[in-house]
Amino acid sequence: MRPTFLQILRRTLRTWIFLPGILFILVLGALQANNAYRAIEKRNRVVSGAISYYITTYISDALYALKHFSKGIGPATKDMNKNLETFYNAYPHFERLLWLSKDKIILTAAPFGAEGLPFPIRMDIRHEGGIISKPIVSPGSGQPVLYLGVKYHTGNILVGEMDTLALSQHLGGLLPPGNTIILADAYGNIVSHPDLSKVLRQENIGDLPLMAAPHSEERVRTSFFTHDGTLYIGSLATIPGENWKIIISSKASTVFIPILETVLALLALLTTLFLLFSALLNNALKAGLVLPLDDLIHDIKQLGMGADISDKPIRSTYRELETVEEEFRKMCREVRGREEELSENAERYRALFHDNQLVLLLVAPLTGDILDNNKRAVEYYGYAQNTLRSLTLFDINAESGTVAKKIMERPWNSGAATTIRTKHTLASGEVREVDLLISPMTIHGTPRNFVTVIDASQTSRGNSDPRDKAES
Amino acid sequence: MLVKFQGAGFLLALLLVSLPVFSGCDSFSAVDIGFVGQLTGKFSDIGVAGRNGARMAIEDANAQGGIDGRTIRFHPRDDGNTPAMAAQAVRELADEGCVAVIGPMTSAIGIALAAETEVVMISPTTSSPSLSGKDDLYFRVVDVNSSRAEALAAYAREKLHLNNVLMIGDQDNANYVNTFNKAFAAKFTALGGAIVGALEYSSNEIRNWDELLDPISEYDPDALLLSASARDVAAIARHMKSKGITIPVMCPAWSYTTEVIRVGGDSVEGFIFATLYAVNNTRPEFVDFKKRFMDRFGYQPGFAEAYGYEAAMALIVALRKTDGNAEGLKEALLAENRFKGVSGEFRFDKYGDVKRSVFIASVKNGEFVLLDQE
């Protein structure tokens, strides 16, 4: 079934306005998301570079301070306690400073305590000094710490205990809320985390997809990853030297939900406007076009059923349709006039032919087919109407077919009406002498013979038998 | 899952972002496993070790397809080494949908939880005899400590020829410590030795180790039996060294962690441990585990890491039989005839207990070595 005009219109609107609009908004959203991603990627590259520099400097400064201090003292310094205390107070990097003998016994500590005890960490100190432990919980304070150590030329060791919670607090304030900066060793053991309990619980993030991803040549690698069922955007950077990892991550929802909300709002707006526009257009077209067309169709149907619609008011709302309707009305009036004319012609034909008291036949001259006959012919020949129509003039002619054929052709040869006497057989088998008044004519270009049959038997009988005349 | 960024992939990313928004849930098909152990404080070495071992087993299982394709999620909780906090942690884990819990790591907590737990628990390290022979939901992958105490007593008498032993025990883990010390004393005296005294302390309360160590000289022992956590053993060792106390020190497996060497340093050289865990086990599975653990976490695993791994591994084997459901988990654990652990094969008896071999180990040049295999 063909679609309606409004269905076609709605489909066209959807295809050429609504869908391209949706596509445009989605592309706009994708571009915005891309820009947001790029901005995060760029920001994380800058921030991770700064943190890497900060950490490197933080540790190298601390090591430099340890080395510088250790050069200024001697193994037998009498005021070692005081010197260490002064250094401790002057340098904020360390939570505790320990001066060890070469067999790793604590000689002096600042703040005071633990003197005489073996140093708790097994270590293999490089000559230039360095980090001597993984992130661990301090046996002294119970806080997560890192140990840095430098070796004095006498074999003594100066150890500084760095509180990683302080580091976490420093890093935690570098980015706005919603972003997380995690510092971990090469294996994912957390050194610094904004959630301090994770540091205290010595958690490991080596299973983080960002950490577990194949090694990349990029200094900072940014990608999406899921963790505990949440999607993140994260950047991983490696600090040269210690091979520590910096992970800067943001929940993808915090980045993309605002964009998604905007896209959804635009989609909702587009959909609303489209539906509103469609409804208005639909109503306007329905009132201005569809209903008048329906009326027109109704009028046509009524006309088909013979009703007179010429005087009905015109309901079109615009000129073109009004013209169509007016033309249609005009055509209707002309049709009606012709119908009346035809009806009159038919009535006249019925009166002249069918109701005529003469026996009339309309015959095809070549075949002799009786094409039409009147009521009087039925009565005269005694055949039923259908039977008579199925006969030819040759069938009812009592003379030979050749004669009958010549009779039919004669008016056409002479070009004028002809009267011929012949004999016709009635349905009862009786043969009557008849005078045929044959008038040739052409109907729609086809030759026809209009035959008037006059019974000549009575005339002939009258002449030979006066009784017949008297009886009649 | 790692989604490498590509420009066109943003629509997918947006979809991924929006899915939780619209669905209101995440990873609906995951199987959740909890963990309770002390992750902060003095006993955190064993808790962190057990958690790391269990985490690695879960990572291994996930790499092999999880449980019928369902990812296993791991939820560690700190029990604070208090029964109340531990019970609350287990309740929270059960409420969050964890089908089972790995832990706890100390017997005192295990005894508090075992009778009450409504979820299957598999402890990597609790070995108190008080937990034995009970038909409950509490399983463990280590043998009772009394078997190790007896083996240590026999070693002390027969190999070290010790006569007088002074026992020191941390009463914050009293059940474990007292059952170990009692079994040691019974065996040691039965073999002709003598227990010259017993000193008790609380690791949560002690502030001055000298107060604990000063009375040692009054007993004049040949050796100490030191039933304490790794950090306490390390601290006591350092103070003993500073005081010049050089008698042999024997310990249960509780302190047999890398932490005792890392924190104790040179002062724990020669300390003797009775353990179920052979650090130089040559079993291929163990060698592979040690290497992979080192690559993953950056340090050598100890017994708590290994048994944490085995506890999680046994749980996953059983969960694969129950399609990740808690229903039928106990029966699945009991029905398994042979769990292929990294340190050896084992099976649970009808009470969820196991039998395992005992090793005597010591610290030599900063590493654990097995004495009965030297």
# chains A, B, ... in the order shown; residues from 1 in each chain; ligands from 1

call {"tool": "residues_around", "arguments": {"residues": "stretch 200-216 of chain B", "least_positions_apart": "2", "cutoff": "10 Å", "atoms": "only C-alpha atoms", "output": "MDAnalysis selection string"}}
result
chainID B and resid 41:43 166:174 177:178 197:198 218:221 224 227:229 231:232 235:236 238:240 243 245

call {"tool": "write_last_selection", "arguments": {"atoms": "C-alpha atoms", "output": "PDB file, in the first residue's frame"}}
result
ATOM      1  CA  GLY B  41      50.114  -1.583  62.726  1.00  0.00           C
ATOM      2  CA  LYS B  42      52.565  -3.999  64.211  1.00  0.00           C
ATOM      3  CA  PHE B  43      51.322  -7.202  62.611  1.00  0.00           C
ATOM      4  CA  LEU B 166      63.127 -19.340  78.541  1.00  0.00           C
ATOM      5  CA  MET B 167      59.825 -18.662  76.758  1.00  0.00           C
ATOM      6  CA  ILE B 168      58.713 -15.150  75.776  1.00  0.00           C
ATOM      7  CA  GLY B 169      55.259 -14.648  74.282  1.00  0.00           C
ATOM      8  CA  ASP B 170      53.120 -11.795  72.996  1.00  0.00           C
ATOM      9  CA  GLN B 171      49.764 -12.066  74.749  1.00  0.00           C
ATOM     10  CA  ASP B 172      48.070  -9.975  72.087  1.00  0.00           C
ATOM     11  CA  ASN B 173      47.988 -13.205  70.067  1.00  0.00           C
ATOM     12  CA  ALA B 174      47.662 -15.328  73.193  1.00  0.00           C
ATOM     13  CA  VAL B 177      51.459 -18.107  71.370  1.00  0.00           C
ATOM     14  CA  ASN B 178      50.273 -20.124  74.335  1.00  0.00           C
ATOM     15  CA  GLY B 197      60.525 -19.530  82.857  1.00  0.00           C
ATOM     16  CA  ALA B 198      57.962 -17.725  80.753  1.00  0.00           C
ATOM     17  CA  GLU B 218      68.046 -13.951  86.041  1.00  0.00           C
ATOM     18  CA  TYR B 219      66.897 -17.175  84.365  1.00  0.00           C
ATOM     19  CA  ASP B 220      70.279 -17.906  82.764  1.00  0.00           C
ATOM     20  CA  PRO B 221      68.714 -19.833  79.852  1.00  0.00           C
ATOM     21  CA  LEU B 224      64.985 -18.241  74.111  1.00  0.00           C
ATOM     22  CA  SER B 227      56.754 -16.274  70.102  1.00  0.00           C
ATOM     23  CA  ALA B 228      56.132 -12.861  68.650  1.00  0.00           C
ATOM     24  CA  SER B 229      55.473 -11.007  65.417  1.00  0.00           C
ATOM     25  CA  ARG B 231      58.605  -6.711  63.958  1.00  0.00           C
ATOM     26  CA  ASP B 232      58.714  -7.562  67.652  1.00  0.00           C
ATOM     27  CA  ALA B 235      63.075  -5.185  67.748  1.00  0.00           C
ATOM     28  CA  ILE B 236      63.934  -7.656  70.509  1.00  0.00           C
ATOM     29  CA  ARG B 238      68.237  -5.456  68.013  1.00  0.00           C
ATOM     30  CA  HIS B 239      67.947  -4.791  71.722  1.00  0.00           C
ATOM     31  CA  MET B 240      69.513  -8.163  72.550  1.00  0.00           C
ATOM     32  CA  LYS B 243      72.848  -5.651  75.292  1.00  0.00           C
ATOM     33  CA  ILE B 245      72.824 -11.226  74.655  1.00  0.00           C
TER      34      ILE B 245
END

call {"tool": "closest_atom_pairs", "arguments": {"of": "chain A", "to": "chain B", "cutoff": "7 Å", "atoms": "only C-alpha atoms", "output": "Markdown table"}}
result
| residue | atom | partner | partner_atom | distance |
| --- | --- | --- | --- | --- |
| A:Ala30 | CA | B:Phe10 | CA | 5.9 |
| A:Ala33 | CA | B:Phe10 | CA | 6.7 |
| A:Asn34 | CA | B:Gly7 | CA | 6.7 |
| A:Gly116 | CA | B:Ser242 | CA | 5.8 |
| A:Leu117 | CA | B:Ser242 | CA | 5.5 |
| A:Pro118 | CA | B:Arg238 | CA | 5.4 |
| A:Pro120 | CA | B:Val263 | CA | 4.2 |
| A:Ile121 | CA | B:Val263 | CA | 5.0 |
| A:Arg122 | CA | B:Gly265 | CA | 5.0 |
| A:Gly142 | CA | B:Gly41 | CA | 6.8 |
| A:Tyr187 | CA | B:Phe297 | CA | 5.2 |
| A:Leu200 | CA | B:Thr40 | CA | 6.1 |
| A:Arg201 | CA | B:Leu39 | CA | 5.0 |
| A:Gly206 | CA | B:Arg296 | CA | 7.0 |
| A:Pro209 | CA | B:Leu2 | CA | 6.1 |
| A:Ser223 | CA | B:Lys4 | CA | 5.6 |
| A:Phe224 | CA | B:Val3 | CA | 5.3 |
| A:Phe225 | CA | B:Leu2 | CA | 4.9 |
| A:Thr226 | CA | B:Met1 | CA | 6.0 |
| A:Gly229 | CA | B:Asp26 | CA | 5.5 |
| A:Leu231 | CA | B:Val17 | CA | 7.0 |
| A:Ala252 | CA | B:Val17 | CA | 6.6 |
| A:Ser253 | CA | B:Val17 | CA | 5.7 |
| A:Phe256 | CA | B:Leu14 | CA | 6.8 |

call {"tool": "select_by_dssp", "arguments": {"residues": "stretch 30-273 of chain B", "states": "helix (DSSP H, G or I)", "output": "number ranges by chain"}}
result
B: 44-63, 83-95, 107-114, 129-131, 145-158, 171-190, 209-213, 216-219, 230-243, 253-255, 258-268

call {"tool": "atom_distance", "arguments": {"atom1": "atom CA of A:Ser235", "atom2": "atom CA of A:Gln202"}}
result
21.7 Å

call {"tool": "residues_around", "arguments": {"residues": "A:Asn81", "least_positions_apart": "6", "cutoff": "12 Å", "atoms": "only C-alpha atoms", "output": "compact mmCIF listing (two decimals) with C-alpha atoms, in the first residue's frame"}}
result
# COMPACT_ATOMS: atom_id res chain seq x y z
CA ILE A 73 81.51 16.16 60.61
CA PRO A 75 83.31 10.08 63.22
CA PHE A 87 70.73 19.65 60.97
CA TYR A 88 67.37 18.00 61.76
CA LEU A 97 68.19 11.40 61.20
CA LEU A 98 70.43 8.53 62.25
CA TRP A 99 74.20 8.41 62.45
CA ILE A 106 72.77 3.67 65.74
CA LEU A 107 75.27 6.02 67.37
CA THR A 108 73.13 9.12 67.44
CA ALA A 109 69.57 9.93 66.44
CA ALA A 110 67.64 13.12 66.02
CA PRO A 111 65.12 13.31 67.59
CA PHE A 112 66.90 11.48 70.38
CA GLY A 113 66.14 7.76 70.78
CA GLU A 115 70.85 4.94 70.24

call {"tool": "select_by_dssp", "arguments": {"residues": "stretch 240-460 of chain A", "states": "strand (DSSP E or B)", "output": "JSON list (two decimals) with C-alpha atoms, in the first residue's frame"}}
result
[["chain", "number", "residue", "atom", "x", "y", "z"],
["A", 244, "TRP", "CA", 59.40, 5.27, 40.15],
["A", 245, "LYS", "CA", 56.06, 5.71, 38.46],
["A", 246, "ILE", "CA", 53.77, 8.70, 38.51],
["A", 247, "ILE", "CA", 50.14, 7.93, 37.74],
["A", 248, "ILE", "CA", 47.79, 10.84, 37.22],
["A", 249, "SER", "CA", 44.22, 9.71, 36.76],
["A", 250, "SER", "CA", 40.76, 11.19, 36.52],
["A", 251, "LYS", "CA", 37.44, 9.41, 36.42],
["A", 359, "VAL", "CA", -41.06, -4.32, -36.66],
["A", 360, "LEU", "CA", -37.55, -2.82, -36.57],
["A", 361, "LEU", "CA", -34.17, -4.54, -36.73],
["A", 362, "LEU", "CA", -30.60, -3.24, -36.67],
["A", 363, "VAL", "CA", -28.51, -5.64, -38.73],
["A", 369, "ASP", "CA", -26.24, -10.41, -37.28],
["A", 370, "ILE", "CA", -29.28, -8.93, -35.61],
["A", 371, "LEU", "CA", -27.62, -6.33, -33.38],
["A", 372, "ASP", "CA", -30.77, -4.84, -31.93],
["A", 373, "ASN", "CA", -34.50, -5.31, -32.29],
["A", 392, "THR", "CA", -28.94, -13.55, -38.18],
["A", 397, "ASN", "CA", -34.94, -15.41, -44.24],
["A", 418, "THR", "CA", -34.33, 0.09, -50.64],
["A", 419, "THR", "CA", -37.58, -1.75, -50.35],
["A", 420, "ILE", "CA", -37.52, -5.46, -51.05],
["A", 421, "ARG", "CA", -40.13, -8.14, -50.75],
["A", 422, "THR", "CA", -38.99, -11.44, -49.35],
["A", 423, "LYS", "CA", -40.10, -14.24, -47.03],
["A", 424, "HIS", "CA", -39.27, -14.63, -43.30],
["A", 425, "THR", "CA", -39.77, -17.66, -41.19],
["A", 431, "VAL", "CA", -43.41, -18.37, -43.48],
["A", 432, "ARG", "CA", -44.58, -14.87, -44.03],
["A", 433, "GLU", "CA", -44.14, -12.63, -47.00],
["A", 434, "VAL", "CA", -42.59, -9.38, -45.81],
["A", 435, "ASP", "CA", -41.52, -6.06, -47.26],
["A", 436, "LEU", "CA", -38.16, -4.96, -45.96],
["A", 437, "LEU", "CA", -37.47, -1.23, -45.94],
["A", 438, "ILE", "CA", -33.69, -1.19, -45.60],
["A", 439, "SER", "CA", -31.87, 1.99, -44.79],
["A", 440, "PRO", "CA", -28.06, 1.87, -44.83],
["A", 441, "MET", "CA", -26.23, 3.81, -42.09],
["A", 442, "THR", "CA", -22.86, 4.00, -40.42],
["A", 443, "ILE", "CA", -22.47, 3.80, -36.64],
["A", 446, "THR", "CA", -19.22, 0.52, -39.06],
["A", 447, "PRO", "CA", -21.90, -0.13, -41.75],
["A", 448, "ARG", "CA", -25.31, -1.06, -40.41],
["A", 449, "ASN", "CA", -28.68, -1.75, -42.00],
["A", 450, "PHE", "CA", -31.75, -0.28, -40.34],
["A", 451, "VAL", "CA", -34.48, -2.70, -41.39],
["A", 452, "THR", "CA", -38.21, -2.05, -41.14],
["A", 453, "VAL", "CA", -40.20, -5.25, -41.58],
["A", 454, "ILE", "CA", -43.73, -4.92, -42.92],
["A", 455, "ASP", "CA", -45.80, -8.08, -43.10]]

call {"tool": "residues_around", "arguments": {"residues": "B:Ser147", "least_positions_apart": "3", "cutoff": "9 Å", "atoms": "only C-alpha atoms", "output": "ChimeraX atom specification"}}
result
/B:143-144,150-152,180,183-184,358

call {"tool": "residues_around", "arguments": {"residues": "A:Asp195", "least_positions_apart": "6", "cutoff": "12 Å", "atoms": "only C-alpha atoms", "output": "ChimeraX atom specification"}}
result
/A:165,168-169,171-172,179-183,201-203

call {"tool": "residues_around", "arguments": {"residues": "stretch 37-39 of chain A", "least_positions_apart": "4", "cutoff": "9 Å", "atoms": "only C-alpha atoms", "output": "ChimeraX atom specification"}}
result
/A:32-33,43-44,233,255-256

call {"tool": "write_last_selection", "arguments": {"atoms": "N, CA and C atoms", "output": "CSV table (one decimal), in the first residue's frame"}}
result
chain,number,residue,atom,x,y,z
A,32,GLN,N,34.3,17.5,21.0
A,32,GLN,CA,34.5,18.1,22.4
A,32,GLN,C,35.2,17.1,23.3
A,33,ALA,N,34.8,15.8,23.2
A,33,ALA,CA,35.4,14.8,24.0
A,33,ALA,C,36.9,14.6,23.6
A,43,ARG,N,47.8,18.3,29.9
A,43,ARG,CA,48.0,18.8,31.3
A,43,ARG,C,48.8,17.7,32.1
A,44,ASN,N,48.5,16.4,31.9
A,44,ASN,CA,49.1,15.4,32.7
A,44,ASN,C,50.6,15.3,32.3
A,233,ILE,N,40.7,8.0,32.9
A,233,ILE,CA,41.7,8.4,31.9
A,233,ILE,C,43.0,8.6,32.8
A,255,VAL,N,35.1,13.8,33.4
A,255,VAL,CA,35.6,14.5,32.2
A,255,VAL,C,34.5,14.5,31.1
A,256,PHE,N,33.9,13.3,30.9
A,256,PHE,CA,33.0,13.2,29.8
A,256,PHE,C,31.5,13.4,30.1

call {"tool": "residues_around", "arguments": {"residues": "B:Val354", "least_positions_apart": "2", "cutoff": "9 Å", "atoms": "only C-alpha atoms", "output": "PyMOL selection string"}}
result
chain B and resi 139-144+346-349+351-352+356

call {"tool": "closest_residue", "arguments": {"among": "B:Ser128, B:Asn164, B:Thr246, B:Gln300", "to": "B:Arg148", "atoms": "only C-alpha atoms"}}
result
B:Ser128

call {"tool": "atom_distance", "arguments": {"atom1": "atom CA of B:Val233", "atom2": "atom CA of B:Val363"}}
result
12.7 Å
